[in-house]
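Inspection log for the structure reproduced underneath, given as structure tokens.
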Amino acid sequence: HATKKTMADHLRKFEALFNLTPQRMRMIVEAFRESLELGLSKNGQIVPMIPTYVFGWPKGDETGNFLAVDLGGTNLRVCLVTLEGKGKFEITQAKYRLSEEQKQEEGQKLFDFCGGCLKAFVDANQETGLIPKGSILPLGFTFSYPCSQDRIDHGVLIRWTKGFGAPNTEGHDVVQMFRKSLTKHSVPAEIVALTCDTTGTLIASHYVNPKTRIACIFGTGCNAAYMEKVKDIPKIAHLGIDPEQEMAINCEWGAFDSFEHENLPRTKYDQIIDESSNKPGEQAFEKLISGRYLGEILRLIICELIDEGVLFLGQNTYKIEIPYSFDTAFLSLMEMDPTEELLMIIGIFNHFFALETTLAERQFFRALAKLVGRRAARLSACGIAAIVSKMGYLEEGCAVGADGSLYNKYPMFPERVHEGLQDIFGEKGKNIVTYRAEDGSGIGSAIVAAMTKARK
Ligand code: ADP
């Protein structure tokens with residue numbers, strides 16, 4: 001009878017499934033680039049390519065005091081940013097935790113809460129003398145939910161995401177709502193700009209490193225922003241903006257290949273994730289890349305091998321069978337394990353899933369993590385390459401500001417992105433360099449506010 005397969009035999013199958021050849025990557029880049037162009041030409045395309053009304057790069061000499069407010073998924077963050085010019089700044093901030101109830105209560109009440117926090121923050125900083133009494137500070141508002149904007153100080157919420165559901169907000173101008181709250185609490189601030197975190201990251205990174213052309217986020221979700229010429233954004237031609245002007249584009253590239261599923265290599269594990277998600281078909285690119293999903297991909301493979309009787313025979317596997325129980329941070333830890341015995345992996349399986357592992361299994365898990373993490377990084381390289389190739393940045397080279405836990409904490413993620421860029425572009429791929437971005441929702445938002453003031 002057949003000899004039993006070893007873990008190394010199993011691994012070969014997954015290596016084939018998760019591998020991305022340079023040739024395949026170049027095909028993805030081509031399709032990606034077309035998708036970006038389509039998004040710029042018409043509304044309602046798969047990759048939305050949202051015009052941000054942030055015109056051009058910061059000069060780097062922006063100065064003054066600004067407030068920045070970021071209504072994030074978990075926290076409300078308020079900052080006082082002092083821009084000192086020459087790419088320098090100071091920042092003072094406070095964070096307020098948002099309760100689940102607050103995310104679901106009446107929209108105006110949610111903004112009133114933000115207004116109240118901001119008032120307390122301003123009062124405290126007037127006491128310390130950081131904010132001069134009697135001054136009205138310009139404010140940049142980071143609101144990273146899909147909005148339709150036709151100017152920088154206005155934005156109608158299309159739909160809530162990230163677990164928010166506050167009624168009477170969708171379809172309303174959130175700047176107007178927040179302004180009402182500032183008046184109610186007598187906050188000495190004037191909202192001058194509404195941006196999303198990715199656009200803020202682009203602007204903040206350029207302020208500090210003027211070679212920056214692209215910003216990317218690799219966190220719970222994934223996204224990118226870059227600067228486009230108005231004449232190359234056909235869908236806003238009717239607005240009569242100077243065609244030579246530049247405007248930042250918020251790509252929302254996590255949507256690439258959604259619904260059609262023609263371009264990205266999806267395994268059956270990716271399909272299961274998609275079909276059991278609350279938005280099947282959507283965010284196809286993001287589902288292969290972002291922190292929310294990588295742990296789940298690995299968990300689904302492990303569960304399949306449990307069902308096949310390959311792993312954990314005779315052990316109680318209920319804990320690892322809980323969807324999304326395997327955090328992407330575990331993949332990081334598994335890849336980083338410095339010990340020969342893979343003690344970290346023993347610990348993860350033991351402590352979190354009550355499972356005993358053999359050394360061969362642990363080596364297999366670590367190799368799997370590497371396959372999943374490496375594919376994510378190489379697909380990320382494809383997205384960056386699509387923008388680089390569309391904009392012709394390859395010859396001259398450019399810097400790409402990147403943020404998010406995946407980029408900042410997953411071992412080798414940046415190196416794998418760079419390796420991917422070289423697989424796509426050859427030697428010239430070395431001209432494209434990613435680096436840790438500046439804080440987009442604090443510094444970036446303040447700079448956008450400063451740029452907006454300067455245009456008036
Ligand atoms: P957000 O995108 O929500 O603003 P982050 O950039 O911190 O926040 O991303 C959170 C995501 O990153 C989560 O999906 C989490 O699983 C993942 N993550 C957190 N820590 C790590 C880590 N050390 N390595 C890899 N992924 C991580």
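Following the order of the structure tokens, first chain is A, next is B, and so on, with residues numbered from 1 inside each chain and ligands from 1 in the order they appear.
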Just want the 10 Å neighbourhood of range 170-182 of chain A, counted on only C-alpha atoms, with same-chain residues fewer than 3 positions away dropped. Output as a PDB file with N, CA and C atoms, in the first residue's frame.
ATOM      1  N   GLY A 107     -26.039  60.022  14.161  1.00  0.00           N
ATOM      2  CA  GLY A 107     -24.827  60.601  13.584  1.00  0.00           C
ATOM      3  C   GLY A 107     -24.407  61.920  14.228  1.00  0.00           C
ATOM      4  N   GLN A 108     -25.369  62.819  14.428  1.00  0.00           N
ATOM      5  CA  GLN A 108     -25.018  64.125  14.985  1.00  0.00           C
ATOM      6  C   GLN A 108     -24.426  63.977  16.386  1.00  0.00           C
ATOM      7  N   LYS A 109     -24.940  62.994  17.141  1.00  0.00           N
ATOM      8  CA  LYS A 109     -24.410  62.752  18.489  1.00  0.00           C
ATOM      9  C   LYS A 109     -22.959  62.292  18.441  1.00  0.00           C
ATOM     10  N   LEU A 110     -22.652  61.459  17.433  1.00  0.00           N
ATOM     11  CA  LEU A 110     -21.275  60.989  17.260  1.00  0.00           C
ATOM     12  C   LEU A 110     -20.333  62.170  17.002  1.00  0.00           C
ATOM     13  N   PHE A 111     -20.756  63.074  16.105  1.00  0.00           N
ATOM     14  CA  PHE A 111     -19.916  64.245  15.819  1.00  0.00           C
ATOM     15  C   PHE A 111     -19.853  65.181  17.022  1.00  0.00           C
ATOM     16  N   ASP A 112     -20.958  65.268  17.763  1.00  0.00           N
ATOM     17  CA  ASP A 112     -20.958  66.100  18.983  1.00  0.00           C
ATOM     18  C   ASP A 112     -19.939  65.575  19.986  1.00  0.00           C
ATOM     19  N   PHE A 113     -19.837  64.244  20.082  1.00  0.00           N
ATOM     20  CA  PHE A 113     -18.838  63.643  20.968  1.00  0.00           C
ATOM     21  C   PHE A 113     -17.436  64.077  20.525  1.00  0.00           C
ATOM     22  N   CYS A 114     -17.194  63.998  19.193  1.00  0.00           N
ATOM     23  CA  CYS A 114     -15.884  64.417  18.663  1.00  0.00           C
ATOM     24  C   CYS A 114     -15.630  65.884  18.996  1.00  0.00           C
ATOM     25  N   GLY A 115     -16.666  66.724  18.824  1.00  0.00           N
ATOM     26  CA  GLY A 115     -16.556  68.152  19.123  1.00  0.00           C
ATOM     27  C   GLY A 115     -16.210  68.378  20.593  1.00  0.00           C
ATOM     28  N   GLY A 116     -16.846  67.592  21.474  1.00  0.00           N
ATOM     29  CA  GLY A 116     -16.596  67.713  22.913  1.00  0.00           C
ATOM     30  C   GLY A 116     -15.153  67.366  23.253  1.00  0.00           C
ATOM     31  N   LEU A 118     -12.596  67.472  21.242  1.00  0.00           N
ATOM     32  CA  LEU A 118     -11.716  68.487  20.679  1.00  0.00           C
ATOM     33  C   LEU A 118     -11.688  69.731  21.569  1.00  0.00           C
ATOM     34  N   LYS A 119     -12.867  70.089  22.080  1.00  0.00           N
ATOM     35  CA  LYS A 119     -12.964  71.243  22.983  1.00  0.00           C
ATOM     36  C   LYS A 119     -12.073  71.032  24.212  1.00  0.00           C
ATOM     37  N   PHE A 141      -9.596  67.324   8.758  1.00  0.00           N
ATOM     38  CA  PHE A 141     -10.442  66.237   9.253  1.00  0.00           C
ATOM     39  C   PHE A 141     -10.156  64.988   8.426  1.00  0.00           C
ATOM     40  N   PHE A 143     -11.245  61.424   7.550  1.00  0.00           N
ATOM     41  CA  PHE A 143     -12.476  60.647   7.629  1.00  0.00           C
ATOM     42  C   PHE A 143     -12.374  59.566   6.549  1.00  0.00           C
ATOM     43  N   PRO A 146     -15.930  55.877   2.612  1.00  0.00           N
ATOM     44  CA  PRO A 146     -16.175  56.370   1.254  1.00  0.00           C
ATOM     45  C   PRO A 146     -17.097  57.589   1.217  1.00  0.00           C
ATOM     46  N   CYS A 147     -16.571  58.676   0.672  1.00  0.00           N
ATOM     47  CA  CYS A 147     -17.343  59.917   0.573  1.00  0.00           C
ATOM     48  C   CYS A 147     -17.339  60.385  -0.872  1.00  0.00           C
ATOM     49  N   SER A 148     -18.380  61.068  -1.284  1.00  0.00           N
ATOM     50  CA  SER A 148     -18.269  61.731  -2.576  1.00  0.00           C
ATOM     51  C   SER A 148     -17.988  63.201  -2.313  1.00  0.00           C
ATOM     52  N   GLN A 149     -16.939  63.662  -2.971  1.00  0.00           N
ATOM     53  CA  GLN A 149     -16.440  65.005  -2.710  1.00  0.00           C
ATOM     54  C   GLN A 149     -16.432  65.765  -4.023  1.00  0.00           C
ATOM     55  N   ILE A 152     -12.682  70.325  -1.415  1.00  0.00           N
ATOM     56  CA  ILE A 152     -11.910  69.770  -0.305  1.00  0.00           C
ATOM     57  C   ILE A 152     -12.616  69.903   1.052  1.00  0.00           C
ATOM     58  N   ASP A 153     -13.505  70.893   1.204  1.00  0.00           N
ATOM     59  CA  ASP A 153     -14.110  71.098   2.533  1.00  0.00           C
ATOM     60  C   ASP A 153     -15.554  70.621   2.567  1.00  0.00           C
ATOM     61  N   HIS A 154     -15.774  69.479   1.975  1.00  0.00           N
ATOM     62  CA  HIS A 154     -17.124  68.975   1.834  1.00  0.00           C
ATOM     63  C   HIS A 154     -17.014  67.498   1.503  1.00  0.00           C
ATOM     64  N   GLY A 155     -17.937  66.660   1.976  1.00  0.00           N
ATOM     65  CA  GLY A 155     -17.905  65.240   1.626  1.00  0.00           C
ATOM     66  C   GLY A 155     -19.174  64.557   2.085  1.00  0.00           C
ATOM     67  N   VAL A 156     -19.873  63.952   1.148  1.00  0.00           N
ATOM     68  CA  VAL A 156     -21.122  63.260   1.482  1.00  0.00           C
ATOM     69  C   VAL A 156     -20.811  61.783   1.696  1.00  0.00           C
ATOM     70  N   LEU A 157     -21.127  61.285   2.890  1.00  0.00           N
ATOM     71  CA  LEU A 157     -20.855  59.881   3.202  1.00  0.00           C
ATOM     72  C   LEU A 157     -21.709  58.984   2.310  1.00  0.00           C
ATOM     73  N   ILE A 158     -21.028  58.089   1.584  1.00  0.00           N
ATOM     74  CA  ILE A 158     -21.756  57.164   0.714  1.00  0.00           C
ATOM     75  C   ILE A 158     -22.291  56.017   1.550  1.00  0.00           C
ATOM     76  N   ARG A 159     -21.405  55.348   2.292  1.00  0.00           N
ATOM     77  CA  ARG A 159     -21.851  54.327   3.239  1.00  0.00           C
ATOM     78  C   ARG A 159     -20.799  54.156   4.325  1.00  0.00           C
ATOM     79  N   TRP A 160     -21.275  53.823   5.519  1.00  0.00           N
ATOM     80  CA  TRP A 160     -20.377  53.528   6.621  1.00  0.00           C
ATOM     81  C   TRP A 160     -19.648  52.220   6.346  1.00  0.00           C
ATOM     82  N   GLY A 165     -22.377  52.452  12.101  1.00  0.00           N
ATOM     83  CA  GLY A 165     -23.713  52.374  11.537  1.00  0.00           C
ATOM     84  C   GLY A 165     -24.578  53.551  11.966  1.00  0.00           C
ATOM     85  N   ALA A 166     -23.955  54.642  12.448  1.00  0.00           N
ATOM     86  CA  ALA A 166     -24.701  55.780  12.976  1.00  0.00           C
ATOM     87  C   ALA A 166     -25.755  56.269  11.973  1.00  0.00           C
ATOM     88  N   PRO A 167     -27.032  56.239  12.362  1.00  0.00           N
ATOM     89  CA  PRO A 167     -28.111  56.652  11.448  1.00  0.00           C
ATOM     90  C   PRO A 167     -28.024  58.146  11.117  1.00  0.00           C
ATOM     91  N   HIS A 185     -20.102  73.348  20.716  1.00  0.00           N
ATOM     92  CA  HIS A 185     -19.140  73.308  21.826  1.00  0.00           C
ATOM     93  C   HIS A 185     -18.209  74.521  21.855  1.00  0.00           C
ATOM     94  N   SER A 186     -18.506  75.533  21.009  1.00  0.00           N
ATOM     95  CA  SER A 186     -17.652  76.721  20.912  1.00  0.00           C
ATOM     96  C   SER A 186     -16.165  76.372  20.765  1.00  0.00           C
ATOM     97  N   VAL A 187     -15.858  75.473  19.853  1.00  0.00           N
ATOM     98  CA  VAL A 187     -14.448  75.133  19.610  1.00  0.00           C
ATOM     99  C   VAL A 187     -13.860  76.169  18.657  1.00  0.00           C
ATOM    100  N   PRO A 188     -12.739  76.800  19.042  1.00  0.00           N
ATOM    101  CA  PRO A 188     -12.146  77.825  18.171  1.00  0.00           C
ATOM    102  C   PRO A 188     -11.377  77.190  17.010  1.00  0.00           C
ATOM    103  N   ALA A 189     -12.110  76.563  16.088  1.00  0.00           N
ATOM    104  CA  ALA A 189     -11.460  75.874  14.966  1.00  0.00           C
ATOM    105  C   ALA A 189     -12.324  76.008  13.728  1.00  0.00           C
ATOM    106  N   GLU A 190     -11.648  75.980  12.586  1.00  0.00           N
ATOM    107  CA  GLU A 190     -12.344  76.110  11.311  1.00  0.00           C
ATOM    108  C   GLU A 190     -11.952  74.920  10.431  1.00  0.00           C
ATOM    109  N   ILE A 191     -12.927  74.078  10.067  1.00  0.00           N
ATOM    110  CA  ILE A 191     -12.596  72.905   9.236  1.00  0.00           C
ATOM    111  C   ILE A 191     -12.282  73.383   7.828  1.00  0.00           C
ATOM    112  N   VAL A 192     -11.058  73.142   7.381  1.00  0.00           N
ATOM    113  CA  VAL A 192     -10.713  73.597   6.032  1.00  0.00           C
ATOM    114  C   VAL A 192     -10.552  72.459   5.041  1.00  0.00           C
ATOM    115  N   ALA A 193     -10.308  71.227   5.533  1.00  0.00           N
ATOM    116  CA  ALA A 193     -10.079  70.135   4.585  1.00  0.00           C
ATOM    117  C   ALA A 193     -10.556  68.800   5.133  1.00  0.00           C
ATOM    118  N   LEU A 194     -11.124  68.010   4.255  1.00  0.00           N
ATOM    119  CA  LEU A 194     -11.520  66.636   4.565  1.00  0.00           C
ATOM    120  C   LEU A 194     -10.655  65.703   3.716  1.00  0.00           C
TER     121      LEU A 194
END
Mind listing the residues within 9 Å of ligand 1, only C-alpha atoms and all ligand atoms counted, as a VMD selection string?
-> chain A and resid 72 to 74 162 217 to 222 290 to 295 326 to 333 403 to 411
Selection export as a compact mmCIF listing (two decimals), in the first residue's frame, atoms kept: N, CA and C atoms:
# COMPACT_ATOMS: atom_id res chain seq x y z
N GLY A 72 -11.14 57.32 13.43
CA GLY A 72 -10.70 56.01 12.95
C GLY A 72 -11.70 54.93 13.32
N GLY A 73 -11.32 53.69 13.02
CA GLY A 73 -12.23 52.58 13.29
C GLY A 73 -12.37 52.28 14.77
N THR A 74 -11.32 52.55 15.55
CA THR A 74 -11.32 52.18 16.96
C THR A 74 -11.25 53.40 17.87
N LYS A 162 -16.22 49.62 8.39
CA LYS A 162 -15.47 49.38 9.63
C LYS A 162 -16.36 49.32 10.87
N ILE A 217 -1.04 51.74 2.06
CA ILE A 217 -1.37 51.27 3.39
C ILE A 217 -1.53 49.75 3.33
N PHE A 218 -0.82 49.05 4.23
CA PHE A 218 -1.00 47.60 4.35
C PHE A 218 -1.33 47.29 5.80
N GLY A 219 -2.59 47.42 6.15
CA GLY A 219 -3.02 47.17 7.53
C GLY A 219 -4.17 46.18 7.51
N THR A 220 -5.24 46.52 8.24
CA THR A 220 -6.45 45.68 8.21
C THR A 220 -6.95 45.59 6.78
N GLY A 221 -6.88 46.73 6.08
CA GLY A 221 -7.22 46.75 4.65
C GLY A 221 -5.99 47.16 3.87
N CYS A 222 -6.14 47.41 2.57
CA CYS A 222 -5.01 47.95 1.83
C CYS A 222 -5.49 48.99 0.82
N SER A 290 -4.38 41.76 2.71
CA SER A 290 -4.34 42.57 3.93
C SER A 290 -4.34 41.75 5.21
N GLY A 291 -3.96 42.40 6.27
CA GLY A 291 -3.83 41.79 7.58
C GLY A 291 -5.08 41.09 8.06
N ARG A 292 -6.22 41.58 7.64
CA ARG A 292 -7.46 40.95 8.08
C ARG A 292 -7.55 39.50 7.61
N TYR A 293 -6.94 39.16 6.50
CA TYR A 293 -7.20 37.85 5.88
C TYR A 293 -6.06 36.84 5.91
N LEU A 294 -4.81 37.29 6.06
CA LEU A 294 -3.70 36.34 5.89
C LEU A 294 -3.73 35.19 6.90
N GLY A 295 -4.04 35.52 8.14
CA GLY A 295 -4.14 34.48 9.16
C GLY A 295 -5.25 33.49 8.83
N PHE A 326 -7.15 32.73 13.89
CA PHE A 326 -5.70 32.74 13.68
C PHE A 326 -5.25 34.11 13.18
N ASP A 327 -4.75 34.94 14.11
CA ASP A 327 -4.40 36.33 13.78
C ASP A 327 -3.19 36.38 12.84
N THR A 328 -3.18 37.35 11.97
CA THR A 328 -2.04 37.53 11.07
C THR A 328 -0.74 37.79 11.85
N ALA A 329 -0.85 38.36 13.03
CA ALA A 329 0.35 38.57 13.86
C ALA A 329 1.02 37.23 14.18
N PHE A 330 0.26 36.14 14.25
CA PHE A 330 0.86 34.81 14.47
C PHE A 330 1.78 34.42 13.31
N LEU A 331 1.40 34.80 12.11
CA LEU A 331 2.26 34.48 10.95
C LEU A 331 3.60 35.19 11.10
N SER A 332 3.53 36.46 11.53
CA SER A 332 4.76 37.21 11.79
C SER A 332 5.63 36.49 12.80
N LEU A 333 5.01 36.11 13.91
CA LEU A 333 5.76 35.46 14.99
C LEU A 333 6.35 34.14 14.53
N ASP A 403 2.65 52.34 5.05
CA ASP A 403 2.25 52.30 6.45
C ASP A 403 1.35 51.10 6.69
N GLY A 404 1.06 50.82 7.94
CA GLY A 404 0.20 49.70 8.33
C GLY A 404 1.02 48.59 8.96
N SER A 405 0.37 47.83 9.83
CA SER A 405 1.08 46.79 10.61
C SER A 405 1.75 45.75 9.74
N LEU A 406 1.14 45.41 8.62
CA LEU A 406 1.74 44.39 7.77
C LEU A 406 3.10 44.87 7.27
N TYR A 407 3.13 46.09 6.80
CA TYR A 407 4.39 46.65 6.30
C TYR A 407 5.39 46.85 7.44
N ASN A 408 4.90 47.36 8.56
CA ASN A 408 5.81 47.73 9.64
C ASN A 408 6.26 46.57 10.51
N LYS A 409 5.43 45.51 10.59
CA LYS A 409 5.75 44.45 11.55
C LYS A 409 5.97 43.08 10.95
N TYR A 410 5.47 42.82 9.74
CA TYR A 410 5.63 41.49 9.17
C TYR A 410 7.07 41.34 8.67
N PRO A 411 7.82 40.34 9.19
CA PRO A 411 9.23 40.27 8.82
C PRO A 411 9.40 40.07 7.32
Counting only C-alpha atoms, the residue among A:Ala224, A:Leu355, A:Ile443, A:Leu288 that lies closest to Gly314 in chain A is A:Leu355
Residues near range 281-284 of chain A, cut-off 9 Å, only C-alpha atoms, skip fewer than 3 positions along chain, as number ranges by chain = A: 253-261, 264, 274-275, 277, 287-288
With C-alpha atoms kept, could you save the residues just selected as a PDB file, in the first residue's frame?
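What landed in part_2.pdb:
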ATOM      1  CA  TRP A 253      -7.192  49.693  -4.992  1.00  0.00           C
ATOM      2  CA  GLY A 254      -8.339  46.941  -2.638  1.00  0.00           C
ATOM      3  CA  ALA A 255     -11.219  46.626  -5.086  1.00  0.00           C
ATOM      4  CA  PHE A 256      -9.033  45.551  -8.025  1.00  0.00           C
ATOM      5  CA  ASP A 257     -10.401  42.438  -9.785  1.00  0.00           C
ATOM      6  CA  SER A 258     -13.627  42.465  -7.732  1.00  0.00           C
ATOM      7  CA  PHE A 259     -16.602  40.549  -9.152  1.00  0.00           C
ATOM      8  CA  GLU A 260     -14.877  39.599 -12.405  1.00  0.00           C
ATOM      9  CA  HIS A 261     -12.073  37.588 -10.712  1.00  0.00           C
ATOM     10  CA  LEU A 264      -5.659  37.470  -9.642  1.00  0.00           C
ATOM     11  CA  ASP A 274     -14.678  35.610  -0.212  1.00  0.00           C
ATOM     12  CA  GLU A 275     -17.866  33.557  -0.205  1.00  0.00           C
ATOM     13  CA  SER A 277     -17.391  37.280   3.908  1.00  0.00           C
ATOM     14  CA  LYS A 287      -8.678  39.762   0.417  1.00  0.00           C
ATOM     15  CA  LEU A 288      -5.387  38.285  -0.859  1.00  0.00           C
TER      16      LEU A 288
END
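The closest residue to Lys5 in chain A, picked from A:Leu71, A:Lys184, A:Gly309, A:Glu84 and counting only C-alpha atoms, is A:Gly309.
Residues in contact range of Lys430 in chain A, defined as at most 9 Å between only C-alpha atoms, with sequence neighbours fewer than 5 positions away removed, read A:Gly397, A:His418, A:Glu419, A:Leu421, A:Gln422, A:Phe425.
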Near range 434-436 of chain A, counting only C-alpha atoms, which residues have an atom at most 6 Å away, once you skip same-chain residues fewer than 2 positions from it, shown as JSON, numbers by chain?
-> {"A": [399, 400, 401, 402]}
Once you have the residues from the selection above, write them out as a PDB file, in the first residue's frame, restricted to C-alpha atoms.
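Output file out.pdb follows:
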ATOM      1  CA  ALA A 399      10.074  56.561  -3.198  1.00  0.00           C
ATOM      2  CA  VAL A 400       6.911  54.882  -1.937  1.00  0.00           C
ATOM      3  CA  GLY A 401       5.756  55.757   1.591  1.00  0.00           C
ATOM      4  CA  ALA A 402       4.157  52.700   3.185  1.00  0.00           C
TER       5      ALA A 402
END
For range 231-234 of chain A: contacts at 12 Å, only C-alpha atoms, fewer than 2 positions along chain excluded, given as number ranges by chain = A: 36-43, 48-52, 227-229, 236-249, 390-391
With distances taken over only C-alpha atoms, which of A:Asn75, A:Lys103, A:Leu137, A:Cys196 is nearest to Phe164 in chain A?
-> A:Lys103
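Residues of range 172-214 of chain A that DSSP, applied to the backbone, places in strand (DSSP E or B): Asp173, Ala189, Glu190, Ile191, Val192, Ala193, Leu194, Thr195, Thr212, Arg213 and Ile214 of chain A.
Remark: for Arg12 in chain A, the closest of the candidate residues A:Phe364, A:Gly64, A:Ala369, A:Ser389 is A:Phe364 (distances computed over only C-alpha atoms).
We find CA of Gly163 in chain A and CA of Ser144 in chain A to be spaced 12.6 Å apart.
Using only C-alpha atoms, the nearest neighbour of Glu335 in chain A within the list A:Leu311, A:Ala376, A:Pro132, A:Phe413 is A:Phe413.
Among A:Phe285, A:Phe349, A:Tyr318, A:Tyr207, the residue with the shortest atom-to-atom distance to Val47 in chain A, counting only C-alpha atoms, is A:Phe285.
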Nearby residues (only C-alpha atoms) at most 10 Å from Lys133 in chain A, same-chain spacing under 4 positions excluded, as number ranges by chain | A: 122-123, 125-127, 129, 188
Among the residues of range 39-226 of chain A, find those DSSP assigns to alpha helix (DSSP H) from the backbone and print them as an MDAnalysis selection string.
-> chainID A and resid 39:41 100:104 107:127 174:184 197:208
